[in-house]
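Student: Below is the file upload28.txt, with compact mmCIF, C-alpha atoms and all ligand atoms.
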```
# COMPACT_ATOMS: atom_id res chain seq x y z
CA MET A 1 89.53 267.53 56.99
CA GLN A 2 87.26 267.19 54.00
CA ILE A 3 84.40 264.74 53.74
CA ILE A 4 84.22 263.05 50.34
CA ASP A 5 80.61 263.40 49.30
CA GLY A 6 79.87 260.23 47.34
CA LYS A 7 76.19 260.93 47.26
CA SER A 8 76.50 264.19 45.36
CA LEU A 9 79.21 262.87 43.01
CA ALA A 10 77.01 259.83 42.26
CA GLN A 11 74.11 262.17 41.57
CA GLU A 12 76.25 264.18 39.15
CA ILE A 13 77.26 260.99 37.31
CA GLN A 14 73.67 259.74 37.17
CA GLU A 15 72.56 263.00 35.60
CA SER A 16 75.21 262.73 32.92
CA VAL A 17 74.28 259.09 32.26
CA ALA A 18 70.61 260.12 31.93
CA GLN A 19 71.60 262.75 29.36
CA GLU A 20 73.60 260.20 27.36
CA VAL A 21 70.70 257.74 27.49
CA LYS A 22 68.52 260.42 25.95
CA ASN A 23 71.08 261.02 23.17
CA LEU A 24 71.36 257.27 22.48
CA LYS A 25 67.60 256.98 22.23
CA ASP A 26 67.22 260.07 20.03
CA ASN A 27 70.12 259.35 17.67
CA TYR A 28 70.29 255.55 17.53
CA ASP A 29 67.03 254.29 19.03
CA ILE A 30 69.06 252.42 21.64
CA VAL A 31 67.73 251.94 25.19
CA PRO A 32 70.41 250.47 27.48
CA GLY A 33 69.21 247.30 29.21
CA LEU A 34 70.36 245.64 32.42
CA ALA A 35 69.39 242.16 33.64
CA VAL A 36 69.87 241.37 37.31
CA ILE A 37 69.83 237.85 38.71
CA LEU A 38 68.93 237.55 42.37
CA VAL A 39 69.06 234.12 43.97
CA GLY A 40 67.49 233.53 47.37
CA ASP A 41 65.95 235.93 49.85
CA ASP A 42 68.85 237.59 51.64
CA PRO A 43 67.40 240.94 52.78
CA ALA A 44 70.61 242.90 52.10
CA SER A 45 70.89 241.51 48.54
CA GLN A 46 67.21 242.23 47.95
CA ALA A 47 67.71 245.81 49.11
CA TYR A 48 70.76 246.29 46.84
CA VAL A 49 68.95 244.86 43.82
CA LYS A 50 65.98 247.12 44.47
CA MET A 51 68.27 250.16 44.61
CA LYS A 52 69.97 249.11 41.37
CA ALA A 53 66.63 248.65 39.57
CA LYS A 54 65.40 252.02 40.82
CA ALA A 55 68.57 253.74 39.63
CA CYS A 56 68.15 252.12 36.18
CA GLU A 57 64.61 253.40 35.95
CA LYS A 58 65.71 256.89 36.95
CA VAL A 59 68.25 257.22 34.12
CA GLY A 60 65.93 255.68 31.52
CA PHE A 61 67.37 252.16 31.23
CA TYR A 62 65.31 249.07 30.54
CA SER A 63 65.85 246.65 33.42
CA ILE A 64 64.62 243.23 34.43
CA THR A 65 65.24 241.29 37.62
CA HIS A 66 65.21 237.50 37.59
CA ASN A 67 64.25 236.38 41.10
CA MET A 68 65.22 232.78 41.75
CA PRO A 69 64.63 230.62 44.84
CA ASP A 70 67.74 229.50 46.74
CA THR A 71 66.85 225.89 45.89
CA ILE A 72 67.57 226.56 42.20
CA SER A 73 70.22 224.44 40.51
CA GLN A 74 73.45 225.77 39.04
CA GLU A 75 72.36 224.50 35.61
CA GLU A 76 69.17 226.54 35.74
CA ILE A 77 71.06 229.73 36.58
CA ILE A 78 73.50 229.00 33.76
CA GLY A 79 70.60 228.39 31.37
CA THR A 80 69.11 231.78 32.28
CA ILE A 81 72.41 233.56 31.75
CA GLU A 82 72.89 231.89 28.36
CA MET A 83 69.44 233.11 27.36
CA ILE A 84 70.21 236.68 28.49
CA ASN A 85 73.57 236.58 26.67
CA LYS A 86 71.58 236.23 23.43
CA ASN A 87 68.96 238.88 24.24
CA PRO A 88 69.73 241.95 22.07
CA ARG A 89 67.80 244.27 24.42
CA ILE A 90 70.14 243.46 27.31
CA ASP A 91 73.56 245.13 27.42
CA GLY A 92 74.54 244.29 30.99
CA ILE A 93 74.18 241.22 33.18
CA LEU A 94 74.65 241.34 36.93
CA VAL A 95 74.49 238.32 39.21
CA GLN A 96 74.03 239.60 42.74
CA LEU A 97 76.56 238.04 45.12
CA PRO A 98 76.87 236.14 47.36
CA LEU A 99 75.21 233.10 45.82
CA PRO A 100 73.92 230.15 47.91
CA LYS A 101 76.61 227.71 49.06
CA HIS A 102 75.66 224.91 46.63
CA ILE A 103 76.38 227.17 43.65
CA ASP A 104 79.91 227.53 42.23
CA THR A 105 80.16 231.32 41.88
CA ASN A 106 83.14 231.23 39.51
CA ALA A 107 81.37 228.79 37.20
CA ILE A 108 78.39 231.17 37.05
CA LEU A 109 80.45 234.29 36.41
CA GLU A 110 82.36 232.60 33.59
CA VAL A 111 79.14 232.02 31.64
CA ILE A 112 78.39 235.75 31.38
CA ASP A 113 79.29 237.20 27.98
CA PRO A 114 82.38 239.36 28.76
CA ALA A 115 80.85 242.12 26.59
CA LYS A 116 77.85 242.21 28.95
CA ASP A 117 79.88 241.76 32.14
CA VAL A 118 79.08 245.15 33.70
CA ASP A 119 80.28 243.97 37.13
CA GLY A 120 83.72 243.18 35.66
CA PHE A 121 83.91 239.82 37.45
CA HIS A 122 84.52 237.58 34.39
CA PRO A 123 88.15 236.33 34.24
CA TYR A 124 88.47 237.96 30.81
CA ASN A 125 87.78 241.40 32.24
CA VAL A 126 89.84 240.69 35.36
CA GLY A 127 92.76 239.89 33.05
CA ARG A 128 92.24 243.06 31.05
CA LEU A 129 92.22 245.12 34.24
CA VAL A 130 95.43 243.57 35.52
CA THR A 131 97.15 244.21 32.19
CA ASN A 132 95.76 247.79 32.12
CA LEU A 133 93.65 247.23 29.00
CA ASP A 134 90.20 248.68 28.47
CA GLY A 135 87.36 246.48 29.72
CA PHE A 136 84.75 246.38 32.44
CA VAL A 137 86.04 247.32 35.88
CA PRO A 138 84.20 246.26 39.08
CA CYS A 139 81.86 249.03 40.19
CA THR A 140 82.99 249.66 43.76
CA PRO A 141 86.73 250.10 43.10
CA LEU A 142 85.94 252.09 39.95
CA GLY A 143 83.76 254.37 42.07
CA VAL A 144 86.64 254.90 44.49
CA MET A 145 88.91 255.91 41.58
CA LYS A 146 86.29 258.46 40.46
CA MET A 147 86.35 259.92 43.97
CA PHE A 148 90.14 260.35 43.84
CA GLU A 149 89.77 262.05 40.48
CA LYS A 150 86.98 264.38 41.63
CA TYR A 151 88.88 265.47 44.77
CA ASN A 152 92.24 265.74 42.94
CA ILE A 153 93.83 263.13 45.21
CA ASP A 154 97.06 262.22 43.45
CA LEU A 155 98.01 258.53 43.51
CA GLU A 156 101.39 258.47 41.78
CA GLY A 157 104.06 257.17 44.15
CA LYS A 158 101.66 257.16 47.11
CA ASP A 159 101.70 254.37 49.67
CA VAL A 160 98.23 252.87 49.62
CA CYS A 161 97.05 250.16 51.99
CA VAL A 162 94.06 248.14 50.78
CA VAL A 163 92.51 246.28 53.69
CA GLY A 164 90.66 243.21 52.39
CA ALA A 165 91.57 241.06 49.39
CA SER A 166 88.19 240.06 47.96
CA ASN A 167 87.62 239.49 44.24
CA ILE A 168 84.87 242.15 44.31
CA VAL A 169 86.76 244.94 46.03
CA GLY A 170 90.32 244.46 47.31
CA LYS A 171 91.98 242.75 44.34
CA PRO A 172 90.53 244.96 41.58
CA MET A 173 91.17 248.03 43.77
CA ALA A 174 94.84 247.03 44.07
CA ALA A 175 95.08 246.54 40.29
CA LEU A 176 93.59 249.99 39.59
CA LEU A 177 95.98 251.62 42.06
CA LEU A 178 98.98 249.85 40.54
CA ASN A 179 97.85 251.03 37.11
CA ALA A 180 97.80 254.56 38.59
CA ASN A 181 101.43 254.13 39.77
CA ALA A 182 100.71 253.86 43.49
CA THR A 183 102.71 251.56 45.78
CA VAL A 184 100.14 249.08 47.00
CA THR A 185 99.96 246.87 50.08
CA VAL A 186 97.04 244.46 50.36
CA THR A 187 96.20 243.04 53.79
CA HIS A 188 93.81 240.19 54.63
CA ILE A 189 92.77 237.93 57.48
CA TYR A 190 96.17 236.24 57.60
CA THR A 191 98.04 239.54 57.89
CA LYS A 192 100.08 239.45 61.10
CA ASP A 193 100.03 243.09 62.12
CA LEU A 194 97.38 245.11 60.30
CA ALA A 195 98.16 248.40 62.05
CA SER A 196 101.83 248.26 61.02
CA HIS A 197 100.67 248.45 57.39
CA THR A 198 97.83 250.98 57.74
CA LYS A 199 100.03 253.35 59.82
CA LYS A 200 102.54 253.70 56.99
CA ALA A 201 99.97 254.46 54.32
CA ASP A 202 99.16 257.82 52.75
CA ILE A 203 95.82 256.33 51.74
CA VAL A 204 93.91 253.55 53.52
CA ILE A 205 91.06 251.79 51.68
CA VAL A 206 89.06 249.34 53.75
CA GLY A 207 86.36 246.93 52.62
CA VAL A 208 86.01 243.89 54.87
CA GLY A 209 82.64 244.14 56.63
CA VAL A 210 83.95 244.49 60.17
CA PRO A 211 82.42 247.47 62.01
CA HIS A 212 85.01 249.98 63.21
CA LEU A 213 88.00 247.78 62.38
CA ILE A 214 90.13 250.83 61.57
CA LYS A 215 90.69 253.00 64.65
CA ALA A 216 92.20 256.46 64.89
CA ASP A 217 95.57 255.19 66.17
CA MET A 218 95.93 252.97 63.09
CA VAL A 219 96.37 255.77 60.54
CA LYS A 220 98.87 258.59 60.26
CA ASP A 221 97.97 262.28 60.47
CA GLY A 222 96.64 263.65 57.20
CA ALA A 223 95.93 260.25 55.66
CA VAL A 224 93.08 259.72 53.19
CA LEU A 225 90.55 257.16 54.38
CA ILE A 226 88.15 255.39 52.03
CA ASP A 227 85.57 253.22 53.78
CA ILE A 228 83.87 250.63 51.60
CA GLY A 229 82.27 248.73 54.50
CA ILE A 230 78.60 248.95 55.29
CA ASN A 231 77.49 247.15 58.43
CA ARG A 232 74.23 247.18 60.33
CA ILE A 233 74.95 247.17 64.07
CA GLU A 234 72.71 246.14 66.99
CA ASP A 235 70.97 249.50 67.33
CA GLY A 236 69.92 249.26 63.66
CA SER A 237 72.23 252.00 62.37
CA LEU A 238 74.66 251.64 59.46
CA VAL A 239 78.37 252.02 60.12
CA GLY A 240 81.48 251.51 58.05
CA ASP A 241 84.66 249.54 58.65
CA ALA A 242 86.36 252.63 60.09
CA ASP A 243 85.64 254.58 63.24
CA PHE A 244 84.51 257.69 61.37
CA GLU A 245 83.97 259.96 64.40
CA ALA A 246 87.44 259.29 65.81
CA LEU A 247 89.17 259.42 62.40
CA LYS A 248 87.60 262.48 60.85
CA GLN A 249 89.82 264.96 62.73
CA LYS A 250 92.95 263.07 61.81
CA CYS A 251 92.38 262.49 58.10
CA SER A 252 92.80 264.96 55.24
CA TYR A 253 89.90 263.28 53.40
CA ILE A 254 87.42 260.70 54.60
CA THR A 255 84.31 259.01 53.18
CA PRO A 256 81.18 258.76 55.34
CA VAL A 257 78.97 255.67 55.67
CA PRO A 258 76.32 255.89 54.38
CA GLY A 259 76.69 258.49 51.62
CA GLY A 260 80.27 257.69 50.62
CA VAL A 261 81.31 254.78 48.43
CA GLY A 262 77.86 253.08 48.39
CA PRO A 263 76.12 255.49 45.99
CA MET A 264 79.22 255.45 43.76
CA THR A 265 78.90 251.69 43.25
CA ILE A 266 75.45 252.16 41.76
CA ALA A 267 76.57 255.13 39.65
CA MET A 268 79.40 253.00 38.19
CA LEU A 269 76.98 250.18 37.40
CA LEU A 270 74.96 252.66 35.36
CA SER A 271 78.10 253.98 33.73
CA ASN A 272 79.34 250.46 32.85
CA THR A 273 75.93 249.51 31.44
CA LEU A 274 75.89 252.67 29.33
CA LYS A 275 79.36 251.78 28.04
CA ALA A 276 78.12 248.28 27.10
CA ALA A 277 75.09 249.76 25.32
CA LYS A 278 77.26 252.19 23.32
CA ALA A 279 79.04 249.19 21.80
CA ARG A 280 75.78 248.54 19.89
CA ILE A 281 76.41 251.70 17.82
CA SER A 282 79.35 250.18 16.00
CA LYS A 283 77.67 246.81 15.47
N1 LIG B 301 77.66 241.91 46.25
C1 LIG B 301 78.35 242.84 46.93
N2 LIG B 301 78.85 243.76 46.09
C2 LIG B 301 78.48 243.40 44.85
C3 LIG B 301 78.68 243.96 43.56
O1 LIG B 301 79.34 244.98 43.36
N3 LIG B 301 78.11 243.29 42.54
C4 LIG B 301 77.40 242.16 42.72
N4 LIG B 301 76.90 241.57 41.67
N5 LIG B 301 77.18 241.61 43.90
C5 LIG B 301 77.71 242.24 44.96
```
Would it be possible to restate this file's structure as structure tokens?
Tutor:
Amino acid sequence: MQIIDGKSLAQEIQESVAQEVKNLKDNYDIVPGLAVILVGDDPASQAYVKMKAKACEKVGFYSITHNMPDTISQEEIIGTIEMINKNPRIDGILVQLPLPKHIDTNAILEVIDPAKDVDGFHPYNVGRLVTNLDGFVPCTPLGVMKMFEKYNIDLEGKDVCVVGASNIVGKPMAALLLNANATVTVTHIYTKDLASHTKKADIVIVGVGVPHLIKADMVKDGAVLIDIGINRIEDGSLVGDADFEALKQKCSYITPVPGGVGPMTIAMLLSNTLKAAKARISK
């Protein structure tokens, strides 16, 4: 069994982004800029946004966070995004999700300039991903693909089960895997017999937010297990969607929580923002 060390891979990527930021500044006087919109006071979202801002600072990006109360109207959020779309210092726009219930998330995401859509959630970029064209790819699934690459985990012809069909994780993950010639099964809350699907898979990728949903008897010997979940349980500790302790002996590769996919999401946000900033060179 090998543990996939997301933390050290993310560190490696951050260092290379920092080097490229230096080159951009020295050669073109470009400083990549990221704007984050945070609505409301959800502690988890606040923590994520703080981590993202800190990572930006570390690699030399310019970053601003727009904190908005959860009473804000949809029109006001849209107005802010339209303003940021026009700001030449900002290359990437990220609206932290989830948004309060009175806000139409899709309507918000559609206002983001697709060229600044570093989360890859705009329908334009979703379409480009599905058709295997270059564009912005959502950070978490992109981070998982980087892990496969780093650990030489071949995807061609593999049976992959993606547990969870969210727009943020499951659906873009499935599209990336299809583009890499894997045979993909996507399960969700209406799936009748989850274990029957996970048991057949060479690779299981889970991101649903249910602590220890995937148990040892639900995967085959030697499977690869990628755990995207991060859940705080009663004792205050963080656990994934898979029972890591029980699964680690059985799997050929497994990601820990924390220290697995989480740091990769942030590294990919930096990488996507850098990519957006590089587009300024040819302007
Ligand atoms: N909420 C949970 N994951 C994400 C993410 O990757 N991006 C944004 N913007 N919000 C999230």
Student: Grab the atom CA of Asp26 of chain A to atom CA of Met83 of chain A distance for me, in Å with one decimal place.
Tutor: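 Value for the atom CA of Asp26 of chain A-atom CA of Met83 of chain A distance: 28.0 Å.
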Student: For a quick check of understanding, using only C-alpha atoms, which of A:Leu213, A:Val163, A:Val31, A:Leu97 has the smallest distance to Ala18 of chain A?
Tutor: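 Among the listed residues, A:Val31 lies closest to Ala18 of chain A.
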Student: Using all atoms listed in the file, determine which residues fall within 6 Å of ligand LIG 301 (chain B), then list them as a PyMOL selection string.
Tutor: chain A and resi 94-98+119+139-140
Student: Please identify all polymer residues lying at most 9 Å from the point (75.0, 225.4, 39.7) (file coordinates), using all atoms listed in the file, and present the result as a list in words.
Tutor: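 Every polymer residue passing the test: Ile72, Ser73, Gln74, Glu75, Glu76, Ile77, Ile78, His102, Ile103, Asp104, Thr105, Ala107 and Ile108 of chain A.
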Student: Set the distance at 9 Å and use only C-alpha atoms: which residues neighbour Ala279 of chain A once local chain neighbours fewer than 4 positions away are removed? I'd like the list as a ChimeraX atom specification.
Tutor: /A:91,115,274-275,283
Student: For the residues in that selection, give me C-alpha atoms as a tab-separated table (two decimals), keeping the file's coordinate frame.
Tutor:
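What follows is the written file selection.tsv:
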```tsv
chain	number	residue	atom	x	y	z
A	91	ASP	CA	73.56	245.13	27.42
A	115	ALA	CA	80.85	242.12	26.59
A	274	LEU	CA	75.89	252.67	29.33
A	275	LYS	CA	79.36	251.78	28.04
A	283	LYS	CA	77.67	246.81	15.47
```
Student: Hey, can you check how far atom CA of Ala276 of chain A sits from atom CA of Asn167 of chain A?
Tutor: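 Distance reported for this atom pair: 21.5 Å.
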Student: For Pro263 of chain A, which of A:Thr65, A:Ser8, A:Asn27, A:Thr187 is the closest residue, counting all atoms listed in the file?
Tutor: A:Ser8
Student: Around the point (82.6, 248.9, 31.1) (coordinates from the file), which residues reach within 7 Å if we count all atoms listed in the file? Answer as a list of chain:residue names.
Tutor: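 Output of the proximity query reads A:Val118, A:Gly135, A:Phe136, A:Val137, A:Asn272, A:Thr273, A:Lys275, A:Ala276.
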Student: Could you dump the residues just selected with C-alpha atoms as a PDB file, in the coordinates of the input?
Tutor:
```pdb
ATOM      1  CA  VAL A 118      79.080 245.150  33.700  1.00  0.00           C
ATOM      2  CA  GLY A 135      87.360 246.480  29.720  1.00  0.00           C
ATOM      3  CA  PHE A 136      84.750 246.380  32.440  1.00  0.00           C
ATOM      4  CA  VAL A 137      86.040 247.320  35.880  1.00  0.00           C
ATOM      5  CA  ASN A 272      79.340 250.460  32.850  1.00  0.00           C
ATOM      6  CA  THR A 273      75.930 249.510  31.440  1.00  0.00           C
ATOM      7  CA  LYS A 275      79.360 251.780  28.040  1.00  0.00           C
ATOM      8  CA  ALA A 276      78.120 248.280  27.100  1.00  0.00           C
TER       9      ALA A 276
END
```
Student: For Pro172 of chain A, find every residue with an atom within 8 Å (counting all atoms listed in the file), except residues of its own chain fewer than 2 positions away, and show them as a ChimeraX atom specification.
Tutor: /A:126,129-130,137-138,141,167-170,174-176
Student: Counting all atoms listed in the file, which of A:Leu194, A:Ile281, A:Leu34, A:Ile230 gets nearest to Lys215 of chain A?
Tutor: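 For Lys215 of chain A, the nearest of the candidates is A:Leu194.
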Student: Which is closest to Val17 of chain A among A:Lys52, A:Lys58, A:Lys192, A:Lys220, if we use only C-alpha atoms?
Tutor: A:Lys58
Student: One number please: atom CA of Pro123 of chain A to atom CA of Gly262 of chain A, in Å, one decimal.
Tutor: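 We find that atom CA of Pro123 of chain A and atom CA of Gly262 of chain A lie 24.2 Å from each other.
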Student: I'd like to know which of A:Ile226, A:Leu99, A:Val257, A:Met145 is closest to Cys161 of chain A, using all atoms listed in the file.
Tutor: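 Looking only at the distances to Cys161 of chain A, the closest residue turns out to be A:Ile226.
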Student: Choose the residue, out of A:Ala223, A:Cys251, A:Ala195, A:Ile90, that has the smallest atom-to-atom separation from Ile30 of chain A; count only C-alpha atoms.
Tutor: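 Counting only C-alpha atoms, the residue closest to Ile30 of chain A is A:Ile90.
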Student: Can you pull out the residues contacting Glu156 of chain A? Cut-off 8 Å, using only C-alpha atoms, and skip same-chain residues under 6 positions away; I want them as number ranges by chain.
Tutor: A: 180-182
Student: Quick one: residues within 10 Å of Gly143 of chain A, only C-alpha atoms counted, chain neighbours fewer than 5 positions away excluded, as a list of chain:residue names?
Tutor: A:Gly6, A:Leu9, A:Ala10, A:Val137, A:Pro138, A:Phe148, A:Glu149, A:Met173, A:Gly260, A:Val261, A:Gly262, A:Pro263, A:Met264, A:Thr265, A:Ile266, A:Ala267, A:Met268, A:Leu269
Student: What's the 6 Å shell around Gly207 of chain A, counting only C-alpha atoms, without same-chain residues fewer than 5 positions away, as a list in words?
Tutor: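 Result of the neighbour search: Gly164, Ile228 and Gly229 of chain A.
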